[in-house]
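Participant: The following file, work04.cif, comprises mmCIF, C-alpha atoms and all ligand atoms; chains and numbers go by the auth columns:
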```cif
data_entry
#
loop_
_atom_site.group_PDB
_atom_site.id
_atom_site.type_symbol
_atom_site.label_atom_id
_atom_site.label_comp_id
_atom_site.label_asym_id
_atom_site.label_seq_id
_atom_site.Cartn_x
_atom_site.Cartn_y
_atom_site.Cartn_z
_atom_site.B_iso_or_equiv
_atom_site.auth_seq_id
_atom_site.auth_asym_id
ATOM 1 C CA MET A 1 174.822 107.167 40.960 0.00 1167 A
ATOM 2 C CA ARG A 2 172.525 110.068 40.161 0.00 1168 A
ATOM 3 C CA ARG A 3 171.160 110.169 36.608 0.00 1169 A
ATOM 4 C CA LYS A 4 172.292 113.003 34.356 0.00 1170 A
ATOM 5 C CA ILE A 5 169.763 114.145 31.778 0.00 1171 A
ATOM 6 C CA ILE A 6 169.719 116.682 28.961 0.00 1172 A
ATOM 7 C CA ALA A 7 166.180 117.169 27.676 0.00 1173 A
ATOM 8 C CA GLY A 8 165.105 119.342 24.764 0.00 1174 A
ATOM 9 C CA ASN A 9 161.677 120.958 24.945 0.00 1175 A
ATOM 10 C CA TRP A 10 160.766 121.822 21.381 0.00 1176 A
ATOM 11 C CA LYS A 11 157.519 123.562 22.432 0.00 1177 A
ATOM 12 C CA MET A 12 155.216 124.396 19.485 0.00 1178 A
ATOM 13 C CA HIS A 13 157.942 124.162 16.871 0.00 1179 A
ATOM 14 C CA LYS A 14 158.701 121.726 14.048 0.00 1180 A
ATOM 15 C CA THR A 15 156.455 119.943 11.602 0.00 1181 A
ATOM 16 C CA ILE A 16 156.857 116.172 11.302 0.00 1182 A
ATOM 17 C CA VAL A 17 159.436 116.530 8.522 0.00 1183 A
ATOM 18 C CA GLU A 18 161.407 119.201 10.413 0.00 1184 A
ATOM 19 C CA ALA A 19 161.230 117.277 13.682 0.00 1185 A
ATOM 20 C CA THR A 20 162.495 114.071 12.107 0.00 1186 A
ATOM 21 C CA ALA A 21 165.381 115.946 10.495 0.00 1187 A
ATOM 22 C CA LEU A 22 166.357 117.550 13.817 0.00 1188 A
ATOM 23 C CA ALA A 23 166.120 114.232 15.681 0.00 1189 A
ATOM 24 C CA SER A 24 168.275 112.525 13.053 0.00 1190 A
ATOM 25 C CA ALA A 25 170.895 115.284 13.242 0.00 1191 A
ATOM 26 C CA VAL A 26 171.071 114.937 17.043 0.00 1192 A
ATOM 27 C CA LYS A 27 171.258 111.164 16.734 0.00 1193 A
ATOM 28 C CA LYS A 28 174.204 111.389 14.352 0.00 1194 A
ATOM 29 C CA GLU A 29 176.226 113.237 16.997 0.00 1195 A
ATOM 30 C CA VAL A 30 175.154 111.751 20.333 0.00 1196 A
ATOM 31 C CA GLY A 31 172.912 108.804 19.439 0.00 1197 A
ATOM 32 C CA THR A 32 175.102 106.187 21.118 0.00 1198 A
ATOM 33 C CA LEU A 33 175.651 108.096 24.384 0.00 1199 A
ATOM 34 C CA GLU A 34 174.312 106.409 27.489 0.00 1200 A
ATOM 35 C CA HIS A 35 175.472 109.117 29.907 0.00 1201 A
ATOM 36 C CA PRO A 36 174.000 111.627 30.102 0.00 1202 A
ATOM 37 C CA SER A 37 170.545 110.474 29.021 0.00 1203 A
ATOM 38 C CA VAL A 38 169.459 112.574 26.056 0.00 1204 A
ATOM 39 C CA VAL A 39 165.728 113.232 25.688 0.00 1205 A
ATOM 40 C CA VAL A 40 163.889 115.145 22.964 0.00 1206 A
ATOM 41 C CA CYS A 41 160.325 116.404 23.439 0.00 1207 A
ATOM 42 C CA PRO A 42 158.674 117.248 20.108 0.00 1208 A
ATOM 43 C CA PRO A 43 155.031 118.300 19.699 0.00 1209 A
ATOM 44 C CA TYR A 44 152.471 115.473 19.898 0.00 1210 A
ATOM 45 C CA THR A 45 152.113 115.320 16.109 0.00 1211 A
ATOM 46 C CA ALA A 46 155.758 114.336 15.638 0.00 1212 A
ATOM 47 C CA LEU A 47 156.147 111.871 18.545 0.00 1213 A
ATOM 48 C CA THR A 48 155.707 108.681 16.544 0.00 1214 A
ATOM 49 C CA GLU A 49 157.920 109.702 13.619 0.00 1215 A
ATOM 50 C CA VAL A 50 160.654 111.015 15.900 0.00 1216 A
ATOM 51 C CA SER A 51 160.499 107.826 17.994 0.00 1217 A
ATOM 52 C CA MET A 52 160.901 105.783 14.830 0.00 1218 A
ATOM 53 C CA ALA A 53 163.815 107.922 13.671 0.00 1219 A
ATOM 54 C CA LEU A 54 165.528 107.351 17.058 0.00 1220 A
ATOM 55 C CA LYS A 55 164.647 103.677 17.399 0.00 1221 A
ATOM 56 C CA ASP A 56 168.186 102.334 17.079 0.00 1222 A
ATOM 57 C CA SER A 57 169.734 104.955 19.384 0.00 1223 A
ATOM 58 C CA GLU A 58 169.981 105.689 23.109 0.00 1224 A
ATOM 59 C CA ILE A 59 168.031 108.948 22.744 0.00 1225 A
ATOM 60 C CA GLN A 60 164.662 108.932 24.508 0.00 1226 A
ATOM 61 C CA VAL A 61 161.491 110.732 23.492 0.00 1227 A
ATOM 62 C CA GLY A 62 159.175 112.720 25.731 0.00 1228 A
ATOM 63 C CA ALA A 63 155.880 114.578 25.391 0.00 1229 A
ATOM 64 C CA GLN A 64 155.415 118.146 26.615 0.00 1230 A
ATOM 65 C CA ASN A 65 152.148 117.501 28.419 0.00 1231 A
ATOM 66 C CA MET A 66 149.315 114.953 28.715 0.00 1232 A
ATOM 67 C CA HIS A 67 145.793 114.741 30.099 0.00 1233 A
ATOM 68 C CA GLN A 68 145.201 113.040 33.427 0.00 1234 A
ATOM 69 C CA GLU A 69 142.202 110.902 32.395 0.00 1235 A
ATOM 70 C CA ASP A 70 142.504 107.567 30.594 0.00 1236 A
ATOM 71 C CA SER A 71 140.022 108.452 27.844 0.00 1237 A
ATOM 72 C CA GLY A 72 136.761 110.275 27.316 0.00 1238 A
ATOM 73 C CA ALA A 73 135.114 113.381 25.928 0.00 1239 A
ATOM 74 C CA PHE A 74 138.086 115.749 26.294 0.00 1240 A
ATOM 75 C CA THR A 75 138.313 117.377 22.886 0.00 1241 A
ATOM 76 C CA GLY A 76 141.864 118.196 21.909 0.00 1242 A
ATOM 77 C CA GLU A 77 143.514 116.247 24.714 0.00 1243 A
ATOM 78 C CA VAL A 78 145.960 113.331 24.683 0.00 1244 A
ATOM 79 C CA SER A 79 146.181 110.597 27.337 0.00 1245 A
ATOM 80 C CA ALA A 80 149.225 109.135 29.078 0.00 1246 A
ATOM 81 C CA GLU A 81 148.759 105.832 27.275 0.00 1247 A
ATOM 82 C CA MET A 82 148.594 107.614 23.920 0.00 1248 A
ATOM 83 C CA VAL A 83 151.866 109.349 24.765 0.00 1249 A
ATOM 84 C CA LEU A 84 153.444 106.085 25.900 0.00 1250 A
ATOM 85 C CA THR A 85 152.370 104.155 22.815 0.00 1251 A
ATOM 86 C CA SER A 86 153.673 106.950 20.575 0.00 1252 A
ATOM 87 C CA GLY A 87 157.137 105.895 21.717 0.00 1253 A
ATOM 88 C CA CYS A 88 157.643 108.180 24.714 0.00 1254 A
ATOM 89 C CA SER A 89 159.329 107.295 27.974 0.00 1255 A
ATOM 90 C CA TYR A 90 159.225 110.830 29.428 0.00 1256 A
ATOM 91 C CA VAL A 91 156.632 113.578 29.802 0.00 1257 A
ATOM 92 C CA ILE A 92 157.161 117.196 30.878 0.00 1258 A
ATOM 93 C CA LEU A 93 154.541 118.247 33.443 0.00 1259 A
ATOM 94 C CA GLY A 94 153.759 121.585 35.032 0.00 1260 A
ATOM 95 C CA HIS A 95 155.927 123.695 32.732 0.00 1261 A
ATOM 96 C CA SER A 96 155.461 127.360 33.634 0.00 1262 A
ATOM 97 C CA GLU A 97 153.868 127.997 30.238 0.00 1263 A
ATOM 98 C CA ARG A 98 151.247 125.353 31.076 0.00 1264 A
ATOM 99 C CA ARG A 99 150.789 126.904 34.511 0.00 1265 A
ATOM 100 C CA THR A 100 150.402 130.501 33.319 0.00 1266 A
ATOM 101 C CA LEU A 101 148.874 130.167 29.840 0.00 1267 A
ATOM 102 C CA PHE A 102 146.686 127.113 30.517 0.00 1268 A
ATOM 103 C CA SER A 103 145.889 127.626 34.204 0.00 1269 A
ATOM 104 C CA GLU A 104 147.476 124.386 35.441 0.00 1270 A
ATOM 105 C CA THR A 105 147.587 124.190 39.223 0.00 1271 A
ATOM 106 C CA ASP A 106 149.884 122.226 41.526 0.00 1272 A
ATOM 107 C CA GLN A 107 146.963 119.941 42.249 0.00 1273 A
ATOM 108 C CA LEU A 108 146.462 119.165 38.556 0.00 1274 A
ATOM 109 C CA VAL A 109 150.202 118.631 38.075 0.00 1275 A
ATOM 110 C CA ASN A 110 150.059 116.185 40.982 0.00 1276 A
ATOM 111 C CA VAL A 111 147.241 114.167 39.399 0.00 1277 A
ATOM 112 C CA LYS A 112 149.084 114.109 36.068 0.00 1278 A
ATOM 113 C CA THR A 113 152.323 113.058 37.758 0.00 1279 A
ATOM 114 C CA ARG A 114 150.609 110.109 39.423 0.00 1280 A
ATOM 115 C CA LYS A 115 149.016 109.089 36.129 0.00 1281 A
ATOM 116 C CA ALA A 116 152.333 109.317 34.272 0.00 1282 A
ATOM 117 C CA LEU A 117 153.985 107.106 36.904 0.00 1283 A
ATOM 118 C CA ALA A 118 151.091 104.645 36.801 0.00 1284 A
ATOM 119 C CA VAL A 119 151.549 104.015 33.061 0.00 1285 A
ATOM 120 C CA GLY A 120 155.347 103.858 33.319 0.00 1286 A
ATOM 121 C CA LEU A 121 156.331 107.293 31.999 0.00 1287 A
ATOM 122 C CA THR A 122 159.065 109.320 33.700 0.00 1288 A
ATOM 123 C CA PRO A 123 157.589 112.723 34.568 0.00 1289 A
ATOM 124 C CA ILE A 124 159.815 115.802 34.394 0.00 1290 A
ATOM 125 C CA VAL A 125 158.010 118.023 36.905 0.00 1291 A
ATOM 126 C CA CYS A 126 158.780 121.747 36.592 0.00 1292 A
ATOM 127 C CA VAL A 127 158.893 124.322 39.371 0.00 1293 A
ATOM 128 C CA GLY A 128 160.147 127.892 39.393 0.00 1294 A
ATOM 129 C CA GLU A 129 159.512 131.393 40.694 0.00 1295 A
ATOM 130 C CA THR A 130 158.699 134.575 38.768 0.00 1296 A
ATOM 131 C CA LEU A 131 160.924 137.632 38.937 0.00 1297 A
ATOM 132 C CA ALA A 132 158.394 139.436 41.145 0.00 1298 A
ATOM 133 C CA GLN A 133 158.349 136.509 43.586 0.00 1299 A
ATOM 134 C CA ARG A 134 162.158 136.399 43.679 0.00 1300 A
ATOM 135 C CA GLN A 135 162.407 140.154 44.219 0.00 1301 A
ATOM 136 C CA ALA A 136 159.847 139.965 47.006 0.00 1302 A
ATOM 137 C CA GLY A 137 162.047 137.398 48.753 0.00 1303 A
ATOM 138 C CA ARG A 138 159.451 134.661 48.275 0.00 1304 A
ATOM 139 C CA MET A 139 161.537 132.316 46.144 0.00 1305 A
ATOM 140 C CA GLU A 140 161.912 129.508 48.667 0.00 1306 A
ATOM 141 C CA GLN A 141 158.291 129.712 49.724 0.00 1307 A
ATOM 142 C CA VAL A 142 157.080 129.472 46.110 0.00 1308 A
ATOM 143 C CA ILE A 143 159.370 126.532 45.333 0.00 1309 A
ATOM 144 C CA GLU A 144 158.285 124.731 48.489 0.00 1310 A
ATOM 145 C CA GLU A 145 154.598 125.265 47.695 0.00 1311 A
ATOM 146 C CA GLN A 146 155.007 123.964 44.148 0.00 1312 A
ATOM 147 C CA PHE A 147 157.099 121.030 45.391 0.00 1313 A
ATOM 148 C CA ASN A 148 154.576 120.107 48.065 0.00 1314 A
ATOM 149 C CA GLY A 149 151.566 120.531 45.793 0.00 1315 A
ATOM 150 C CA SER A 150 152.904 118.950 42.618 0.00 1316 A
ATOM 151 C CA LEU A 151 154.593 115.992 44.312 0.00 1317 A
ATOM 152 C CA GLU A 152 152.153 115.432 47.147 0.00 1318 A
ATOM 153 C CA GLY A 153 151.670 111.884 48.383 0.00 1319 A
ATOM 154 C CA LEU A 154 154.340 110.191 46.271 0.00 1320 A
ATOM 155 C CA SER A 155 156.078 107.248 47.918 0.00 1321 A
ATOM 156 C CA ALA A 156 159.877 107.013 47.991 0.00 1322 A
ATOM 157 C CA ASP A 157 159.701 104.462 45.182 0.00 1323 A
ATOM 158 C CA GLU A 158 157.601 106.841 43.115 0.00 1324 A
ATOM 159 C CA ILE A 159 159.704 109.940 43.714 0.00 1325 A
ATOM 160 C CA ARG A 160 162.798 108.013 42.577 0.00 1326 A
ATOM 161 C CA ARG A 161 161.135 107.739 39.173 0.00 1327 A
ATOM 162 C CA VAL A 162 160.488 111.495 38.962 0.00 1328 A
ATOM 163 C CA VAL A 163 162.819 114.081 37.456 0.00 1329 A
ATOM 164 C CA ILE A 164 162.512 117.626 38.815 0.00 1330 A
ATOM 165 C CA ALA A 165 163.266 120.684 36.671 0.00 1331 A
ATOM 166 C CA TYR A 166 163.984 124.032 38.301 0.00 1332 A
ATOM 167 C CA GLU A 167 162.988 126.641 35.758 0.00 1333 A
ATOM 168 C CA PRO A 168 162.952 130.224 37.035 0.00 1334 A
ATOM 169 C CA VAL A 169 160.236 131.912 34.963 0.00 1335 A
ATOM 170 C CA TRP A 170 162.393 135.031 34.497 0.00 1336 A
ATOM 171 C CA ALA A 171 165.060 132.948 32.742 0.00 1337 A
ATOM 172 C CA ILE A 172 162.809 131.101 30.287 0.00 1338 A
ATOM 173 C CA GLY A 173 163.183 132.356 26.726 0.00 1339 A
ATOM 174 C CA THR A 174 164.686 135.625 27.932 0.00 1340 A
ATOM 175 C CA GLY A 175 168.382 134.973 27.373 0.00 1341 A
ATOM 176 C CA GLN A 176 168.837 135.829 31.042 0.00 1342 A
ATOM 177 C CA VAL A 177 170.243 132.571 32.391 0.00 1343 A
ATOM 178 C CA ALA A 178 170.486 132.084 36.157 0.00 1344 A
ATOM 179 C CA THR A 179 174.087 132.150 37.292 0.00 1345 A
ATOM 180 C CA PRO A 180 175.452 128.755 38.334 0.00 1346 A
ATOM 181 C CA GLU A 181 175.381 130.041 41.943 0.00 1347 A
ATOM 182 C CA GLN A 182 171.749 131.192 41.730 0.00 1348 A
ATOM 183 C CA ALA A 183 170.684 127.877 40.211 0.00 1349 A
ATOM 184 C CA GLU A 184 172.745 125.794 42.650 0.00 1350 A
ATOM 185 C CA GLU A 185 171.184 127.608 45.607 0.00 1351 A
ATOM 186 C CA VAL A 186 167.697 126.536 44.539 0.00 1352 A
ATOM 187 C CA HIS A 187 168.758 123.034 43.500 0.00 1353 A
ATOM 188 C CA ARG A 188 170.307 122.543 46.935 0.00 1354 A
ATOM 189 C CA TYR A 189 167.114 123.846 48.498 0.00 1355 A
ATOM 190 C CA ILE A 190 165.026 121.357 46.484 0.00 1356 A
ATOM 191 C CA ARG A 191 167.384 118.520 47.449 0.00 1357 A
ATOM 192 C CA GLY A 192 166.862 119.601 51.059 0.00 1358 A
ATOM 193 C CA LEU A 193 163.081 119.402 50.625 0.00 1359 A
ATOM 194 C CA LEU A 194 163.503 115.865 49.264 0.00 1360 A
ATOM 195 C CA THR A 195 165.733 114.916 52.191 0.00 1361 A
ATOM 196 C CA ARG A 196 163.243 116.273 54.687 0.00 1362 A
ATOM 197 C CA ARG A 197 160.277 114.473 53.088 0.00 1363 A
ATOM 198 C CA TYR A 198 162.083 111.202 52.303 0.00 1364 A
ATOM 199 C CA ASP A 199 165.694 110.627 53.361 0.00 1365 A
ATOM 200 C CA GLN A 200 169.137 111.595 52.186 0.00 1366 A
ATOM 201 C CA ALA A 201 169.761 108.463 50.128 0.00 1367 A
ATOM 202 C CA THR A 202 166.510 108.974 48.219 0.00 1368 A
ATOM 203 C CA ALA A 203 167.174 112.694 47.731 0.00 1369 A
ATOM 204 C CA GLU A 204 170.634 111.934 46.367 0.00 1370 A
ATOM 205 C CA GLU A 205 169.205 109.691 43.654 0.00 1371 A
ATOM 206 C CA ILE A 206 166.879 112.259 42.116 0.00 1372 A
ATOM 207 C CA ALA A 207 167.949 114.218 39.046 0.00 1373 A
ATOM 208 C CA ILE A 208 167.266 117.951 39.332 0.00 1374 A
ATOM 209 C CA LEU A 209 167.577 119.719 35.972 0.00 1375 A
ATOM 210 C CA TYR A 210 168.024 123.431 35.410 0.00 1376 A
ATOM 211 C CA GLY A 211 166.016 125.177 32.682 0.00 1377 A
ATOM 212 C CA GLY A 212 166.010 128.746 31.405 0.00 1378 A
ATOM 213 C CA SER A 213 168.208 130.103 28.577 0.00 1379 A
ATOM 214 C CA VAL A 214 170.710 127.220 28.681 0.00 1380 A
ATOM 215 C CA LYS A 215 173.116 127.348 25.723 0.00 1381 A
ATOM 216 C CA GLY A 216 176.296 125.625 24.675 0.00 1382 A
ATOM 217 C CA SER A 217 178.297 128.533 26.068 0.00 1383 A
ATOM 218 C CA ASN A 218 176.819 128.570 29.582 0.00 1384 A
ATOM 219 C CA ALA A 219 176.067 124.879 30.147 0.00 1385 A
ATOM 220 C CA ALA A 220 179.425 123.739 31.521 0.00 1386 A
ATOM 221 C CA GLY A 221 179.377 126.336 34.314 0.00 1387 A
ATOM 222 C CA LEU A 222 175.939 125.158 35.418 0.00 1388 A
ATOM 223 C CA PHE A 223 176.838 121.460 35.200 0.00 1389 A
ATOM 224 C CA ALA A 224 179.918 121.992 37.357 0.00 1390 A
ATOM 225 C CA LYS A 225 177.628 122.565 40.338 0.00 1391 A
ATOM 226 C CA GLU A 226 177.058 119.656 42.663 0.00 1392 A
ATOM 227 C CA ASN A 227 173.266 119.662 42.569 0.00 1393 A
ATOM 228 C CA ILE A 228 172.695 120.473 38.894 0.00 1394 A
ATOM 229 C CA ASP A 229 172.140 117.154 37.138 0.00 1395 A
ATOM 230 C CA GLY A 230 171.379 118.337 33.648 0.00 1396 A
ATOM 231 C CA ALA A 231 169.186 120.731 31.735 0.00 1397 A
ATOM 232 C CA LEU A 232 165.749 121.215 30.269 0.00 1398 A
ATOM 233 C CA VAL A 233 166.511 123.214 27.144 0.00 1399 A
ATOM 234 C CA GLY A 234 164.015 125.235 25.117 0.00 1400 A
ATOM 235 C CA GLY A 235 165.251 127.540 22.354 0.00 1401 A
ATOM 236 C CA ALA A 236 168.723 126.034 22.089 0.00 1402 A
ATOM 237 C CA SER A 237 167.278 122.543 21.558 0.00 1403 A
ATOM 238 C CA LEU A 238 165.849 123.597 18.191 0.00 1404 A
ATOM 239 C CA LYS A 239 169.300 123.648 16.598 0.00 1405 A
ATOM 240 C CA ALA A 240 171.162 120.350 16.525 0.00 1406 A
ATOM 241 C CA ASP A 241 174.661 121.813 16.930 0.00 1407 A
ATOM 242 C CA GLU A 242 173.660 124.001 19.901 0.00 1408 A
ATOM 243 C CA PHE A 243 171.819 121.141 21.633 0.00 1409 A
ATOM 244 C CA VAL A 244 174.698 118.744 21.010 0.00 1410 A
ATOM 245 C CA ALA A 245 177.108 121.311 22.496 0.00 1411 A
ATOM 246 C CA ILE A 246 175.015 121.299 25.684 0.00 1412 A
ATOM 247 C CA VAL A 247 175.053 117.489 25.787 0.00 1413 A
ATOM 248 C CA ARG A 248 178.817 117.472 25.320 0.00 1414 A
ATOM 249 C CA ALA A 249 179.229 119.972 28.169 0.00 1415 A
ATOM 250 C CA MET A 250 177.880 117.254 30.471 0.00 1416 A
ATOM 251 C CA ILE A 251 180.287 114.503 29.353 0.00 1417 A
HETATM 252 P P1 LIG B . 164.568 128.294 27.119 0.00 1501 A
HETATM 253 O O1 LIG B . 163.297 127.449 27.632 0.00 1501 A
HETATM 254 O O2 LIG B . 165.743 127.361 27.110 0.00 1501 A
HETATM 255 O O3 LIG B . 164.190 128.736 25.720 0.00 1501 A
HETATM 256 O O4 LIG B . 164.748 129.431 28.042 0.00 1501 A
HETATM 257 C C1 LIG B . 163.429 126.507 28.655 0.00 1501 A
HETATM 258 C C2 LIG B . 162.096 125.839 28.889 0.00 1501 A
HETATM 259 O O5 LIG B . 161.057 126.497 28.768 0.00 1501 A
HETATM 260 O O6 LIG B . 162.048 124.628 29.211 0.00 1501 A
#
```
I'd like the structure from this file rewritten - as structure tokens, please.
Facilitator:
Amino acid sequence: MRRKIIAGNWKMHKTIVEATALASAVKKEVGTLEHPSVVVCPPYTALTEVSMALKDSEIQVGAQNMHQEDSGAFTGEVSAEMVLTSGCSYVILGHSERRTLFSETDQLVNVKTRKALAVGLTPIVCVGETLAQRQAGRMEQVIEEQFNGSLEGLSADEIRRVVIAYEPVWAIGTGQVATPEQAEEVHRYIRGLLTRRYDQATAEEIAILYGGSVKGSNAAGLFAKENIDGALVGGASLKADEFVAIVRAMI
């Protein structure tokens, strides 16, 4: 059965004290849930404390990024092993904010994805088109390029350990959520790319999350679609009750 995942991307929000409080509030409501898998992704500084706060729960912790090298003179960077030993089992890679604000390319996302898999982290690899690309009718081409570049060379065993997030850039932080039909169209397209590269059984196993202005009030409609296996939630993951409402929409 395909995994269902609700992941919260806290971005650059929450001090250690605030992050621990939010994690504890989420744990109180959905801490014992095994399905869907609930993942919270605080800033690096709060990873250890949040992991400790969630120790006796089913909730997993993820980082929002990592560097591809094991160690070295990379001022300000954090390695995959550092992320792992801070209590993480997931890492978000290739988020559109990393791609646009920090110049991350598909090739770099690919190297990071391989490194994450090598240390035993589950990468959540993000793809998504801008509004201009969608309006120019280039949506499928952009998604295919990002898919090919970011996931290049992964074996079937490796791809089964990857989570893909479709995050249309025009829907992130804008309040303009994709309709369930718009999201499903792209999710089906991505599943088709997986089928073509691997095979149908492999493609069926892979969780494809939707991200972009998901809230408690629109989550159920998205989750009703066959190829939408959960959500990567930004703004709405910063409030426990809103995030929990999204988790409950998946049950
Ligand atoms: P949003 O962000 O839910 O605030 O739109 C989603 C994301 O960037 O992962």
Participant: So that I can see what lies close to region 1252-1259 of chain A, please list as a ChimeraX atom specification the residues with an atom at most 8 Å from it, counting only C-alpha atoms and leaving out residues fewer than 4 positions away in the same chain.
Facilitator: /A:1205,1207,1213-1214,1217-1218,1226-1232,1248,1275,1278-1279,1282,1286-1292
Participant: If you measure from CA of Ile1338 (chain A) to CA of Pro1209 (chain A), what distance in Å do you get, rounded to one decimal?
Facilitator: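 Those two atoms sit 18.3 Å apart.
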Participant: Report the residues retrieved by the PyMOL selection byres (((chain A and resi 1272) around 10) and not hetatm) from the displayed file, expressed as a ChimeraX atom specification.
Facilitator: /A:1260,1265,1269-1271,1273-1278,1293,1311-1318
Participant: Using CA of Glu1215 (chain A) and CA of Lys1405 (chain A) as the two end points, give the distance in Å to one decimal.
Facilitator: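 If I compute the distance from CA of Glu1215 (chain A) to CA of Lys1405 (chain A), I get 18.2 Å.
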Participant: Residues of chain A that approach ligand LIG 1501 (chain A) to 8 Å or less, counting all atoms listed in the file: could you list each one with the shortest pair of atoms and its distance in Å to one decimal, rows by chain and increasing residue number, as JSON lines?
Facilitator:
```
{"residue": "A:Gly1174", "atom": "CA", "partner": "A:LIG1501", "partner_atom": "O6", "distance": 7.6}
{"residue": "A:Asn1175", "atom": "CA", "partner": "A:LIG1501", "partner_atom": "O6", "distance": 5.6}
{"residue": "A:Lys1177", "atom": "CA", "partner": "A:LIG1501", "partner_atom": "O5", "distance": 7.8}
{"residue": "A:His1261", "atom": "CA", "partner": "A:LIG1501", "partner_atom": "O5", "distance": 7.1}
{"residue": "A:Ser1262", "atom": "CA", "partner": "A:LIG1501", "partner_atom": "O5", "distance": 7.5}
{"residue": "A:Glu1263", "atom": "CA", "partner": "A:LIG1501", "partner_atom": "O5", "distance": 7.5}
{"residue": "A:Glu1333", "atom": "CA", "partner": "A:LIG1501", "partner_atom": "O6", "distance": 6.9}
{"residue": "A:Ala1337", "atom": "CA", "partner": "A:LIG1501", "partner_atom": "O4", "distance": 5.9}
{"residue": "A:Ile1338", "atom": "CA", "partner": "A:LIG1501", "partner_atom": "O4", "distance": 3.4}
{"residue": "A:Gly1339", "atom": "CA", "partner": "A:LIG1501", "partner_atom": "O4", "distance": 3.6}
{"residue": "A:Thr1340", "atom": "CA", "partner": "A:LIG1501", "partner_atom": "O4", "distance": 6.2}
{"residue": "A:Gly1341", "atom": "CA", "partner": "A:LIG1501", "partner_atom": "O4", "distance": 6.7}
{"residue": "A:Val1343", "atom": "CA", "partner": "A:LIG1501", "partner_atom": "O4", "distance": 7.7}
{"residue": "A:Gly1377", "atom": "CA", "partner": "A:LIG1501", "partner_atom": "C1", "distance": 5.0}
{"residue": "A:Gly1378", "atom": "CA", "partner": "A:LIG1501", "partner_atom": "O4", "distance": 3.7}
{"residue": "A:Ser1379", "atom": "CA", "partner": "A:LIG1501", "partner_atom": "O4", "distance": 3.6}
{"residue": "A:Val1380", "atom": "CA", "partner": "A:LIG1501", "partner_atom": "O2", "distance": 5.2}
{"residue": "A:Lys1381", "atom": "CA", "partner": "A:LIG1501", "partner_atom": "O2", "distance": 7.5}
{"residue": "A:Leu1398", "atom": "CA", "partner": "A:LIG1501", "partner_atom": "O6", "distance": 5.1}
{"residue": "A:Val1399", "atom": "CA", "partner": "A:LIG1501", "partner_atom": "O2", "distance": 4.2}
{"residue": "A:Gly1400", "atom": "CA", "partner": "A:LIG1501", "partner_atom": "O2", "distance": 3.4}
{"residue": "A:Gly1401", "atom": "CA", "partner": "A:LIG1501", "partner_atom": "O3", "distance": 3.7}
{"residue": "A:Ala1402", "atom": "CA", "partner": "A:LIG1501", "partner_atom": "O2", "distance": 6.0}
{"residue": "A:Ser1403", "atom": "CA", "partner": "A:LIG1501", "partner_atom": "O2", "distance": 7.5}
```
Participant: So, with all atoms listed in the file as the atoms that count, which of A:Leu1320, A:Ala1367, A:Ala1349, A:Ile1417 lies closest to Glu1392 (chain A)?
Facilitator: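 Nearest to Glu1392 (chain A): A:Ala1349.
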Participant: For the file shown, report as an MDAnalysis selection string the outcome of the PyMOL selection byres (((chain A and resi 1394) around 8) and not hetatm) at residue level.
Facilitator: chainID A and resid 1349:1350 1353 1373:1376 1388:1393 1395:1397
Participant: Which is closest to Ile1330 (chain A) among A:Ala1173, A:Val1206, A:Ala1385, A:Leu1220, if we use all atoms listed in the file?
Facilitator: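 Of the candidates, the smallest distance to Ile1330 (chain A) is held by A:Ala1173.
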